[in-house]
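This is coords-v6.cif. It holds mmCIF, C-alpha atoms and all ligand atoms.
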data_data
loop_
_atom_site.group_PDB
_atom_site.id
_atom_site.type_symbol
_atom_site.label_atom_id
_atom_site.label_comp_id
_atom_site.auth_asym_id
_atom_site.auth_seq_id
_atom_site.Cartn_x
_atom_site.Cartn_y
_atom_site.Cartn_z
ATOM 1 C CA MET A 15 92.292 86.987 96.188
ATOM 2 C CA ASN A 16 94.925 87.753 98.836
ATOM 3 C CA LEU A 17 98.341 88.092 97.271
ATOM 4 C CA ILE A 18 100.156 89.117 100.439
ATOM 5 C CA LYS A 19 98.931 88.519 103.950
ATOM 6 C CA PHE A 20 100.495 89.819 107.175
ATOM 7 C CA GLU A 21 99.335 87.976 110.283
ATOM 8 C CA ASP A 22 100.128 89.936 113.466
ATOM 9 C CA PHE A 23 103.615 90.582 112.155
ATOM 10 C CA SER A 24 106.195 92.505 114.170
ATOM 11 C CA PHE A 25 109.874 92.984 113.423
ATOM 12 C CA LYS A 26 112.897 94.420 115.209
ATOM 13 C CA TYR A 27 116.225 94.776 113.354
ATOM 14 C CA ASP A 28 119.085 93.002 115.135
ATOM 15 C CA GLN A 29 120.922 96.254 115.873
ATOM 16 C CA ALA A 30 117.830 98.238 116.850
ATOM 17 C CA GLN A 31 116.259 98.924 120.237
ATOM 18 C CA ASP A 32 112.617 98.937 119.228
ATOM 19 C CA PHE A 33 110.327 97.105 116.888
ATOM 20 C CA VAL A 34 110.052 98.951 113.540
ATOM 21 C CA LEU A 35 106.963 97.018 112.426
ATOM 22 C CA LYS A 36 104.308 96.480 115.058
ATOM 23 C CA ASP A 37 101.442 94.049 114.975
ATOM 24 C CA ILE A 38 100.831 94.365 111.240
ATOM 25 C CA LYS A 39 97.598 92.852 109.976
ATOM 26 C CA LEU A 40 97.329 93.457 106.258
ATOM 27 C CA ASN A 41 95.835 91.880 103.158
ATOM 28 C CA ILE A 42 97.047 92.946 99.735
ATOM 29 C CA GLU A 43 94.540 92.001 97.067
ATOM 30 C CA SER A 44 94.938 91.714 93.317
ATOM 31 C CA GLY A 45 93.976 94.408 90.811
ATOM 32 C CA LYS A 46 94.979 97.395 92.940
ATOM 33 C CA PHE A 47 97.230 100.411 92.655
ATOM 34 C CA ILE A 48 98.227 100.940 96.273
ATOM 35 C CA LEU A 49 99.922 103.978 97.738
ATOM 36 C CA LEU A 50 101.946 103.380 100.889
ATOM 37 C CA CYS A 51 102.579 106.607 102.759
ATOM 38 C CA GLY A 52 103.880 107.833 106.082
ATOM 39 C CA ILE A 53 106.549 110.225 107.296
ATOM 40 C CA THR A 54 110.280 109.412 107.050
ATOM 41 C CA GLY A 55 111.250 106.649 109.451
ATOM 42 C CA SER A 56 107.661 105.404 109.866
ATOM 43 C CA GLY A 57 108.568 101.954 108.495
ATOM 44 C CA LYS A 58 107.533 102.036 104.812
ATOM 45 C CA THR A 59 110.733 100.512 103.442
ATOM 46 C CA SER A 60 110.787 97.924 106.224
ATOM 47 C CA LEU A 61 107.179 96.961 105.448
ATOM 48 C CA VAL A 62 107.952 96.296 101.773
ATOM 49 C CA ARG A 63 111.156 94.441 102.697
ATOM 50 C CA ALA A 64 108.885 92.084 104.612
ATOM 51 C CA MET A 65 106.767 91.560 101.484
ATOM 52 C CA ASN A 66 109.446 89.729 99.517
ATOM 53 C CA GLY A 67 111.357 87.972 102.273
ATOM 54 C CA LEU A 68 114.293 90.454 102.472
ATOM 55 C CA ILE A 69 113.032 90.729 106.038
ATOM 56 C CA PRO A 70 113.843 88.294 107.676
ATOM 57 C CA GLN A 71 116.162 86.489 105.267
ATOM 58 C CA PHE A 72 118.558 89.303 104.436
ATOM 59 C CA TYR A 73 117.800 91.731 107.268
ATOM 60 C CA HIS A 74 117.872 89.627 110.417
ATOM 61 C CA GLY A 75 116.066 90.379 113.620
ATOM 62 C CA GLU A 76 113.358 89.425 116.037
ATOM 63 C CA ILE A 77 110.041 88.408 114.494
ATOM 64 C CA LYS A 78 106.536 87.839 115.732
ATOM 65 C CA GLY A 79 103.791 86.565 113.449
ATOM 66 C CA ASP A 80 103.997 85.634 109.760
ATOM 67 C CA VAL A 81 103.881 87.015 106.230
ATOM 68 C CA PHE A 82 102.543 84.935 103.355
ATOM 69 C CA VAL A 83 103.091 85.656 99.665
ATOM 70 C CA LYS A 84 100.523 83.706 97.659
ATOM 71 C CA GLY A 85 100.338 81.289 100.553
ATOM 72 C CA LYS A 86 104.121 80.904 100.916
ATOM 73 C CA ASN A 87 105.587 81.792 104.296
ATOM 74 C CA THR A 88 108.390 84.335 103.747
ATOM 75 C CA LYS A 89 110.358 82.754 106.609
ATOM 76 C CA ASN A 90 110.763 79.463 104.778
ATOM 77 C CA VAL A 91 110.689 80.132 101.047
ATOM 78 C CA PRO A 92 113.924 81.566 99.546
ATOM 79 C CA THR A 93 113.850 85.186 98.335
ATOM 80 C CA SER A 94 114.880 83.964 94.861
ATOM 81 C CA THR A 95 111.564 82.082 94.671
ATOM 82 C CA LEU A 96 109.549 84.907 96.233
ATOM 83 C CA SER A 97 111.026 87.364 93.721
ATOM 84 C CA ARG A 98 109.055 85.598 90.996
ATOM 85 C CA ASP A 99 105.881 86.734 92.756
ATOM 86 C CA VAL A 100 107.034 90.075 94.145
ATOM 87 C CA GLY A 101 109.361 92.434 92.278
ATOM 88 C CA LEU A 102 110.915 95.289 94.231
ATOM 89 C CA VAL A 103 112.321 98.425 92.548
ATOM 90 C CA PHE A 104 114.399 100.720 94.725
ATOM 91 C CA GLN A 105 114.747 104.457 94.909
ATOM 92 C CA ASN A 106 118.014 104.589 93.043
ATOM 93 C CA PRO A 107 117.807 102.325 89.982
ATOM 94 C CA GLU A 108 121.495 102.927 89.220
ATOM 95 C CA ASN A 109 122.395 100.482 91.992
ATOM 96 C CA GLN A 110 120.043 97.923 90.535
ATOM 97 C CA LEU A 111 121.312 98.106 86.934
ATOM 98 C CA ILE A 112 124.361 95.956 86.430
ATOM 99 C CA ALA A 113 124.518 94.732 82.815
ATOM 100 C CA MET A 114 126.499 96.111 79.838
ATOM 101 C CA ASN A 115 123.467 97.415 78.041
ATOM 102 C CA VAL A 116 119.737 97.822 78.461
ATOM 103 C CA GLU A 117 118.804 94.701 76.507
ATOM 104 C CA ARG A 118 121.184 92.530 78.551
ATOM 105 C CA GLU A 119 119.847 94.140 81.710
ATOM 106 C CA ILE A 120 116.294 93.082 80.910
ATOM 107 C CA ALA A 121 117.448 89.577 79.955
ATOM 108 C CA PHE A 122 119.405 89.127 83.192
ATOM 109 C CA GLY A 123 116.503 88.145 85.458
ATOM 110 C CA PRO A 124 114.760 85.691 83.086
ATOM 111 C CA GLU A 125 118.142 84.134 82.177
ATOM 112 C CA ASN A 126 118.867 83.512 85.828
ATOM 113 C CA ILE A 127 115.668 81.583 86.328
ATOM 114 C CA GLY A 128 116.258 79.535 83.179
ATOM 115 C CA ILE A 129 113.592 80.919 80.854
ATOM 116 C CA PRO A 130 114.081 79.375 77.364
ATOM 117 C CA TRP A 131 115.615 81.664 74.732
ATOM 118 C CA ASP A 132 112.570 82.105 72.462
ATOM 119 C CA GLU A 133 110.321 82.992 75.369
ATOM 120 C CA MET A 134 112.944 85.333 76.755
ATOM 121 C CA ASP A 135 113.201 87.068 73.408
ATOM 122 C CA SER A 136 109.460 87.721 73.319
ATOM 123 C CA ARG A 137 109.454 88.893 76.970
ATOM 124 C CA ILE A 138 112.270 91.361 76.256
ATOM 125 C CA LYS A 139 110.439 92.735 73.237
ATOM 126 C CA GLU A 140 107.216 93.144 75.194
ATOM 127 C CA CYS A 141 108.864 94.844 78.186
ATOM 128 C CA ILE A 142 110.754 97.233 75.913
ATOM 129 C CA LYS A 143 107.514 98.095 74.140
ATOM 130 C CA ILE A 144 105.492 98.663 77.334
ATOM 131 C CA THR A 145 108.128 100.910 78.883
ATOM 132 C CA ASP A 146 108.846 102.658 75.557
ATOM 133 C CA ILE A 147 112.633 102.256 75.618
ATOM 134 C CA GLU A 148 113.299 100.815 72.138
ATOM 135 C CA HIS A 149 115.764 103.653 71.467
ATOM 136 C CA LEU A 150 117.819 102.712 74.551
ATOM 137 C CA ARG A 151 118.215 99.031 73.734
ATOM 138 C CA LYS A 152 121.975 99.079 73.077
ATOM 139 C CA LYS A 153 122.878 101.807 75.550
ATOM 140 C CA ALA A 154 124.775 101.279 78.793
ATOM 141 C CA PRO A 155 122.799 102.067 81.966
ATOM 142 C CA PHE A 156 125.224 104.873 82.906
ATOM 143 C CA GLU A 157 124.650 106.613 79.534
ATOM 144 C CA ILE A 158 120.964 107.256 80.140
ATOM 145 C CA SER A 159 118.997 109.691 82.310
ATOM 146 C CA GLY A 160 117.427 109.002 85.715
ATOM 147 C CA GLY A 161 113.946 108.694 84.238
ATOM 148 C CA GLU A 162 115.232 106.317 81.560
ATOM 149 C CA GLN A 163 117.059 104.248 84.178
ATOM 150 C CA GLN A 164 113.820 103.997 86.125
ATOM 151 C CA ARG A 165 112.056 102.726 82.966
ATOM 152 C CA VAL A 166 114.807 100.134 82.439
ATOM 153 C CA ALA A 167 114.502 99.022 86.075
ATOM 154 C CA ILE A 168 110.735 98.630 85.566
ATOM 155 C CA ALA A 169 111.267 96.688 82.309
ATOM 156 C CA SER A 170 113.726 94.310 83.979
ATOM 157 C CA ILE A 171 111.323 93.596 86.814
ATOM 158 C CA LEU A 172 108.421 93.120 84.370
ATOM 159 C CA ALA A 173 110.519 90.563 82.454
ATOM 160 C CA LEU A 174 110.279 88.288 85.486
ATOM 161 C CA GLN A 175 106.486 88.553 85.236
ATOM 162 C CA PRO A 176 105.823 88.943 88.965
ATOM 163 C CA GLU A 177 102.225 89.365 90.086
ATOM 164 C CA ILE A 178 103.090 92.164 92.468
ATOM 165 C CA ILE A 179 105.514 94.963 91.831
ATOM 166 C CA ILE A 180 106.644 97.328 94.574
ATOM 167 C CA PHE A 181 108.301 100.706 94.056
ATOM 168 C CA ASP A 182 110.131 102.335 96.921
ATOM 169 C CA GLU A 183 110.142 106.051 96.088
ATOM 170 C CA PRO A 184 110.569 105.535 92.339
ATOM 171 C CA THR A 185 110.452 109.220 91.500
ATOM 172 C CA SER A 186 112.488 110.763 94.302
ATOM 173 C CA LEU A 187 115.434 111.444 91.978
ATOM 174 C CA LEU A 188 113.305 112.644 89.074
ATOM 175 C CA ASP A 189 111.992 116.024 87.987
ATOM 176 C CA PRO A 190 108.199 116.449 88.363
ATOM 177 C CA LYS A 191 107.459 115.815 84.673
ATOM 178 C CA SER A 192 109.425 112.529 84.544
ATOM 179 C CA ALA A 193 107.880 111.558 87.882
ATOM 180 C CA ILE A 194 104.370 111.961 86.464
ATOM 181 C CA GLN A 195 105.345 109.960 83.368
ATOM 182 C CA ILE A 196 106.740 107.075 85.432
ATOM 183 C CA LEU A 197 103.694 106.927 87.723
ATOM 184 C CA ASN A 198 101.325 107.018 84.744
ATOM 185 C CA LEU A 199 103.343 104.258 83.123
ATOM 186 C CA LEU A 200 102.841 102.150 86.259
ATOM 187 C CA LYS A 201 99.093 102.762 86.155
ATOM 188 C CA LYS A 202 98.997 101.787 82.467
ATOM 189 C CA ILE A 203 100.879 98.546 83.226
ATOM 190 C CA LEU A 204 98.275 97.737 85.872
ATOM 191 C CA LEU A 205 95.291 98.593 83.662
ATOM 192 C CA GLU A 206 96.698 96.461 80.849
ATOM 193 C CA LYS A 207 96.855 93.641 83.407
ATOM 194 C CA LYS A 208 100.576 93.020 82.905
ATOM 195 C CA ILE A 209 100.803 93.021 86.700
ATOM 196 C CA SER A 210 98.126 92.150 89.284
ATOM 197 C CA THR A 211 99.003 94.696 91.927
ATOM 198 C CA ILE A 212 101.298 97.703 92.224
ATOM 199 C CA ILE A 213 102.441 99.134 95.539
ATOM 200 C CA VAL A 214 104.130 102.536 95.444
ATOM 201 C CA ILE A 215 105.876 104.392 98.243
ATOM 202 C CA GLU A 216 105.787 107.999 97.162
ATOM 203 C CA HIS A 217 106.184 111.376 98.866
ATOM 204 C CA ARG A 218 104.624 113.390 96.056
ATOM 205 C CA LEU A 219 101.088 112.591 97.030
ATOM 206 C CA ASP A 220 99.666 115.163 94.628
ATOM 207 C CA ILE A 221 100.779 113.118 91.622
ATOM 208 C CA VAL A 222 100.208 109.632 92.968
ATOM 209 C CA LEU A 223 96.880 110.000 94.792
ATOM 210 C CA PRO A 224 94.838 110.441 91.589
ATOM 211 C CA LEU A 225 96.125 107.032 90.455
ATOM 212 C CA ALA A 226 95.646 105.183 93.743
ATOM 213 C CA ASP A 227 92.819 102.728 94.391
ATOM 214 C CA GLU A 228 93.907 102.153 97.978
ATOM 215 C CA VAL A 229 96.035 103.998 100.503
ATOM 216 C CA ILE A 230 97.946 102.463 103.391
ATOM 217 C CA LEU A 231 99.053 104.919 106.050
ATOM 218 C CA ILE A 232 101.824 103.849 108.385
ATOM 219 C CA ASP A 233 102.969 105.644 111.514
ATOM 220 C CA LYS A 234 105.671 104.533 113.979
ATOM 221 C CA GLY A 235 105.599 101.025 112.543
ATOM 222 C CA ARG A 236 101.830 100.593 112.765
ATOM 223 C CA ILE A 237 99.286 100.673 109.982
ATOM 224 C CA ILE A 238 96.920 103.343 111.218
ATOM 225 C CA GLU A 239 94.659 103.508 108.177
ATOM 226 C CA HIS A 240 94.067 101.356 105.113
ATOM 227 C CA GLY A 241 91.286 101.587 102.584
ATOM 228 C CA GLU A 242 89.919 103.202 99.456
ATOM 229 C CA ALA A 243 91.845 106.388 98.634
ATOM 230 C CA HIS A 244 88.983 108.884 99.302
ATOM 231 C CA TYR A 245 88.130 107.151 102.551
ATOM 232 C CA VAL A 246 91.704 107.434 103.851
ATOM 233 C CA ILE A 247 92.401 111.022 102.784
ATOM 234 C CA ASN A 248 89.139 112.207 104.319
ATOM 235 C CA GLY A 249 90.083 110.775 107.691
ATOM 236 C CA GLU A 250 91.584 112.706 110.613
ATOM 237 C CA LYS A 251 94.498 110.278 110.843
ATOM 238 C CA PHE A 252 95.660 111.091 107.330
ATOM 239 C CA LEU A 253 95.131 114.823 107.677
ATOM 240 C CA ASN A 254 97.125 114.874 110.937
ATOM 241 C CA SER A 255 99.799 112.364 109.934
ATOM 242 C CA GLY A 256 102.475 114.840 108.868
ATOM 243 C CA VAL A 257 102.611 113.561 105.265
ATOM 244 C CA ASN A 258 102.630 116.035 102.381
ATOM 245 C CA ILE A 259 98.945 116.811 102.043
ATOM 246 C CA PRO A 260 98.235 117.770 98.399
ATOM 247 C CA LYS A 261 97.187 121.396 97.835
ATOM 248 C CA CYS A 262 93.766 120.457 96.489
ATOM 249 C CA VAL A 263 93.026 118.495 99.668
ATOM 250 C CA SER A 264 94.262 121.164 102.092
ATOM 251 C CA VAL A 265 92.376 124.013 100.382
ATOM 252 C CA PHE A 266 89.073 122.134 100.626
ATOM 253 C CA GLN A 267 89.921 121.052 104.147
ATOM 254 C CA LYS A 268 90.228 124.731 105.134
ATOM 255 C CA LEU A 269 86.926 125.531 103.430
ATOM 256 C CA MET A 270 85.399 122.645 105.318
ATOM 257 C CA ASN A 271 86.719 123.927 108.649
ATOM 258 C CA GLN A 272 85.012 127.240 107.921
ATOM 259 C CA ASN A 273 81.782 125.462 107.026
ATOM 260 C CA ILE A 274 81.985 126.790 103.453
ATOM 261 C CA PHE A 275 82.249 123.286 102.052
ATOM 262 C CA THR A 276 80.817 119.954 103.061
ATOM 263 C CA GLY A 277 81.430 116.745 101.211
ATOM 264 C CA LYS A 278 84.348 114.562 100.205
ATOM 265 C CA LEU A 279 87.809 116.095 99.833
ATOM 266 C CA PRO A 280 89.078 115.798 96.240
ATOM 267 C CA ILE A 281 92.148 113.707 95.369
ATOM 268 C CA SER A 282 92.797 114.965 91.849
ATOM 269 C CA ILE A 283 92.714 118.125 89.748
ATOM 270 C CA GLU A 284 89.746 116.652 87.871
ATOM 271 C CA GLU A 285 87.740 116.203 91.073
ATOM 272 C CA THR A 286 88.800 119.666 92.265
ATOM 273 C CA LYS A 287 87.533 121.212 89.016
ATOM 274 C CA ASN A 288 84.187 119.479 89.410
ATOM 275 C CA LEU A 289 83.890 120.625 93.013
ATOM 276 C CA ILE A 290 84.666 124.236 92.144
ATOM 277 C CA ASN A 291 82.058 124.148 89.378
ATOM 278 C CA SER A 292 79.486 122.714 91.751
ATOM 279 C CA ILE A 293 80.105 125.484 94.331
ATOM 280 C CA LYS A 294 79.508 128.383 91.894
HETATM 281 N N1 LIG A 301 118.935 97.807 108.368
HETATM 282 C C1 LIG A 301 118.473 98.454 109.440
HETATM 283 N N2 LIG A 301 118.963 98.199 110.681
HETATM 284 C C2 LIG A 301 118.478 98.860 111.772
HETATM 285 N N3 LIG A 301 117.494 99.771 111.726
HETATM 286 C C3 LIG A 301 116.963 100.058 110.528
HETATM 287 C C4 LIG A 301 117.425 99.416 109.329
HETATM 288 N N4 LIG A 301 116.700 99.905 108.295
HETATM 289 C C5 LIG A 301 115.843 100.798 108.816
HETATM 290 N N5 LIG A 301 115.988 100.887 110.149
HETATM 291 C C6 LIG A 301 115.200 101.741 111.082
HETATM 292 O O1 LIG A 301 113.846 101.369 110.983
HETATM 293 C C7 LIG A 301 112.998 102.516 111.108
HETATM 294 C C8 LIG A 301 112.060 102.560 109.915
HETATM 295 O O2 LIG A 301 112.837 102.798 108.749
HETATM 296 P P1 LIG A 301 112.297 102.638 107.289
HETATM 297 O O3 LIG A 301 111.584 101.349 107.186
HETATM 298 O O4 LIG A 301 113.456 102.866 106.375
HETATM 299 O O5 LIG A 301 111.248 103.852 107.220
HETATM 300 P P2 LIG A 301 110.780 104.747 105.978
HETATM 301 O O6 LIG A 301 111.020 103.971 104.725
HETATM 302 O O7 LIG A 301 109.335 105.003 106.254
HETATM 303 O O8 LIG A 301 111.581 106.015 106.027
HETATM 304 C C9 LIG A 301 113.914 103.722 111.203
HETATM 305 O O9 LIG A 301 114.023 104.070 112.563
HETATM 306 C C10 LIG A 301 115.235 103.216 110.663
HETATM 307 O O10 LIG A 301 116.312 103.892 111.245
HETATM 308 MG MG MG A 302 112.107 104.368 102.962
#
Would you write out, as structure tokens, the structure that this file holds?
Amino acid sequence: MNLIKFEDFSFKYDQAQDFVLKDIKLNIESGKFILLCGITGSGKTSLVRAMNGLIPQFYHGEIKGDVFVKGKNTKNVPTSTLSRDVGLVFQNPENQLIAMNVEREIAFGPENIGIPWDEMDSRIKECIKITDIEHLRKKAPFEISGGEQQRVAIASILALQPEIIIFDEPTSLLDPKSAIQILNLLKKILLEKKISTIIVIEHRLDIVLPLADEVILIDKGRIIEHGEAHYVINGEKFLNSGVNIPKCVSVFQKLMNQNIFTGKLPISIEETKNLINSIK
């Protein structure tokens, strides 16, 4: 089923000279872990702003075409309603955390949409369990680490039970180990079907590619490739896009250029190991 559908959508910010999103045709389906990549300034953040109505309702500008979230046109349906379908977590969770303590933070969203107390209580418990933050329950957001803040931000979005959750560079402020933990947590949430679809904007392709079902590649406001992860990373457009190509991909790409290797480029350490074994 299509959760989000872009129909020939273009957008230009009021202050800007050029369109930042150009002729976007895109279907986001359920059950996918989707990586959105592209170099800085290519339009990733703008694209996800258009997925929950922030564009055009909060960021004004010139629009062509339409975006539908579960059939609702993002031009007409308020962002407060769309946020029940699409949760967006930003790069810096600190700015998103506003309550006195972690438990209140998670309760904030459901309270605002009038969820009854007993249901809210069970939602809070579940979200705390999934994100493994029981020990942080009574702590203030500023008392906890970046990785913990990111977990709290995820728990508070999960409490709203959206079908789609979008992360705009969730690990950019984290060390590599915490980054891997957060991305694996997201995958677990998807596999346990707590969320239908997860879209992640992430620069560290080496840690996110192994988790991705689909990759969307954006360049100068256009989607230049979209499909199954192996399909996209094996394509010229991806390899020449200027994004951070993971080491395992670039090594095999070089071997391929020298006709030492033919086949599909690997997207994970596991696949790389298997390939190396098969070459021996
Ligand atoms: N609020 C805004 N007003 C005007 N221009 C913006 C705004 N936000 C982003 N842009 C411009 O849109 C382009 C795409 O930016 P963005 O969507 O943030 O890309 P990315 O997330 O891939 O780095 C950039 O040229 C950026 O300067
Ligand atoms: Mg961005």
Selection near A:Gly277, 12 Å with only C-alpha atoms, sequence-local residues under 6 positions removed, as number ranges by chain: A: 244-245, 248, 263, 266-267, 269-271, 285-286, 289, 292-293
Contacts of A:Phe156 at 9 Å (only C-alpha atoms; same-chain gap of 3+ positions) as a ChimeraX atom specification: /A:108,111,153,159,163
Cut-off 7 Å, all atoms listed in the file, neighbours of ligand LIG 301 (chain A) as a list in words: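 The residues within 7 Å of ligand LIG 301 (chain A), counting all atoms listed in the file, are Tyr27, Asp28, Gln29, Ala30, Val34, Gly52, Ile53, Thr54, Gly55, Ser56, Gly57, Lys58, Thr59, Ser60, Leu61 and Tyr73 of chain A.
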For A:Val116: contacts at 10 Å, all atoms listed in the file, fewer than 6 positions along chain excluded, given as JSON, numbers by chain: {"A": [122, 142, 147, 148, 149, 150, 151, 152, 153, 154, 155, 156, 158, 163, 166, 167, 169, 170]}
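Taking all atoms listed in the file into account, ligand MG 302 (chain A) lies nearest to A:Gln105 out of the set A:Thr211, A:Gln105, A:Gln164, A:Ser136.
In terms of minimum interatomic distance to ligand MG 302 (chain A), A:Ile232 ranks closest within A:Ile232, A:Ile194, A:Val81, A:Ile259, counting all atoms listed in the file.
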Shell around A:Lys36 at 6 Å using only C-alpha atoms, local window under 3 positions removed, as a PyMOL selection string: chain A and resi 24+235-236
Residue nearest ligand MG 302 (chain A) among A:Glu157, A:Glu183, A:Glu162, A:Asp32 (counting only C-alpha atoms and all ligand atoms):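 The closest residue to ligand MG 302 (chain A) is A:Glu183.
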If you count only C-alpha atoms, which residues fall within 10 Å of A:Asp182, apart from same-chain ones fewer than 6 positions away, as a PDB file with C-alpha atoms, in the coordinates of the input?
ATOM      1  CA  LEU A  50     101.946 103.380 100.889  1.00  0.00           C
ATOM      2  CA  LYS A  58     107.533 102.036 104.812  1.00  0.00           C
ATOM      3  CA  THR A  59     110.733 100.512 103.442  1.00  0.00           C
ATOM      4  CA  VAL A  62     107.952  96.296 101.773  1.00  0.00           C
ATOM      5  CA  ARG A  63     111.156  94.441 102.697  1.00  0.00           C
ATOM      6  CA  LEU A 102     110.915  95.289  94.231  1.00  0.00           C
ATOM      7  CA  VAL A 103     112.321  98.425  92.548  1.00  0.00           C
ATOM      8  CA  PHE A 104     114.399 100.720  94.725  1.00  0.00           C
ATOM      9  CA  GLN A 105     114.747 104.457  94.909  1.00  0.00           C
ATOM     10  CA  ASN A 106     118.014 104.589  93.043  1.00  0.00           C
ATOM     11  CA  ILE A 213     102.441  99.134  95.539  1.00  0.00           C
ATOM     12  CA  VAL A 214     104.130 102.536  95.444  1.00  0.00           C
ATOM     13  CA  ILE A 215     105.876 104.392  98.243  1.00  0.00           C
ATOM     14  CA  GLU A 216     105.787 107.999  97.162  1.00  0.00           C
TER      15      GLU A 216
END
Best match for closeness to A:Arg165 among A:Ile180, A:Asp132, A:Leu199, A:Asn254, counting only C-alpha atoms: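 Once distances to A:Arg165 are computed over only C-alpha atoms, the minimum belongs to A:Leu199.
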Do you know which residues the PyMOL selection byres (((chain A and resi 38) around 8) and not hetatm) returns on this file, as a PDB file with C-alpha atoms, in the frame of the given file?
ATOM      1  CA  PHE A  20     100.495  89.819 107.175  1.00  0.00           C
ATOM      2  CA  GLU A  21      99.335  87.976 110.283  1.00  0.00           C
ATOM      3  CA  ASP A  22     100.128  89.936 113.466  1.00  0.00           C
ATOM      4  CA  PHE A  23     103.615  90.582 112.155  1.00  0.00           C
ATOM      5  CA  SER A  24     106.195  92.505 114.170  1.00  0.00           C
ATOM      6  CA  LEU A  35     106.963  97.018 112.426  1.00  0.00           C
ATOM      7  CA  LYS A  36     104.308  96.480 115.058  1.00  0.00           C
ATOM      8  CA  ASP A  37     101.442  94.049 114.975  1.00  0.00           C
ATOM      9  CA  LYS A  39      97.598  92.852 109.976  1.00  0.00           C
ATOM     10  CA  LEU A  40      97.329  93.457 106.258  1.00  0.00           C
ATOM     11  CA  ARG A 236     101.830 100.593 112.765  1.00  0.00           C
ATOM     12  CA  ILE A 237      99.286 100.673 109.982  1.00  0.00           C
TER      13      ILE A 237
END
Explicit residues for the PyMOL selection byres (((chain A and resi 201-208) around 12) and not hetatm) (as a ChimeraX atom specification): /A:44-49,137,140-141,143-146,165,168-169,171-179,194-200,209-214,221-227
Using all atoms listed in the file: which of A:Pro92, A:Gly128, A:Pro190, A:Pro280 has the shortest distance to A:Arg218: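 Counting all atoms listed in the file, the residue closest to A:Arg218 is A:Pro190.
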Interatomic distance, atom CA of A:Gly75 to atom CA of A:Gly101 (Å, one decimal):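 Between atom CA of A:Gly75 and atom CA of A:Gly101 the gap works out to 22.5 Å.
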Residue nearest ligand MG 302 (chain A) among A:Glu43, A:Lys86, A:Leu17, A:Ser186 (counting all atoms listed in the file): A:Ser186
Answer key for the PyMOL selection byres (((chain A and resi 93) around 8) and not hetatm), residues as a list of chain:residue names: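 When the PyMOL selection byres (((chain A and resi 93) around 8) and not hetatm) is applied, the selected residues are A:Asn66, A:Gly67, A:Leu68, A:Gln71, A:Thr88, A:Val91, A:Pro92, A:Ser94, A:Thr95, A:Leu96, A:Ser97.
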Quick one: axis-aligned box around all listed atoms of stretch 76-89 of chain A, 5 Å on every side, centre and edge lengths in Å to one decimal, written as AutoDock Vina command-line options.
--center_x 106.8 --center_y 85.2 --center_z 106.8 --size_x 23.0 --size_y 18.5 --size_z 28.4
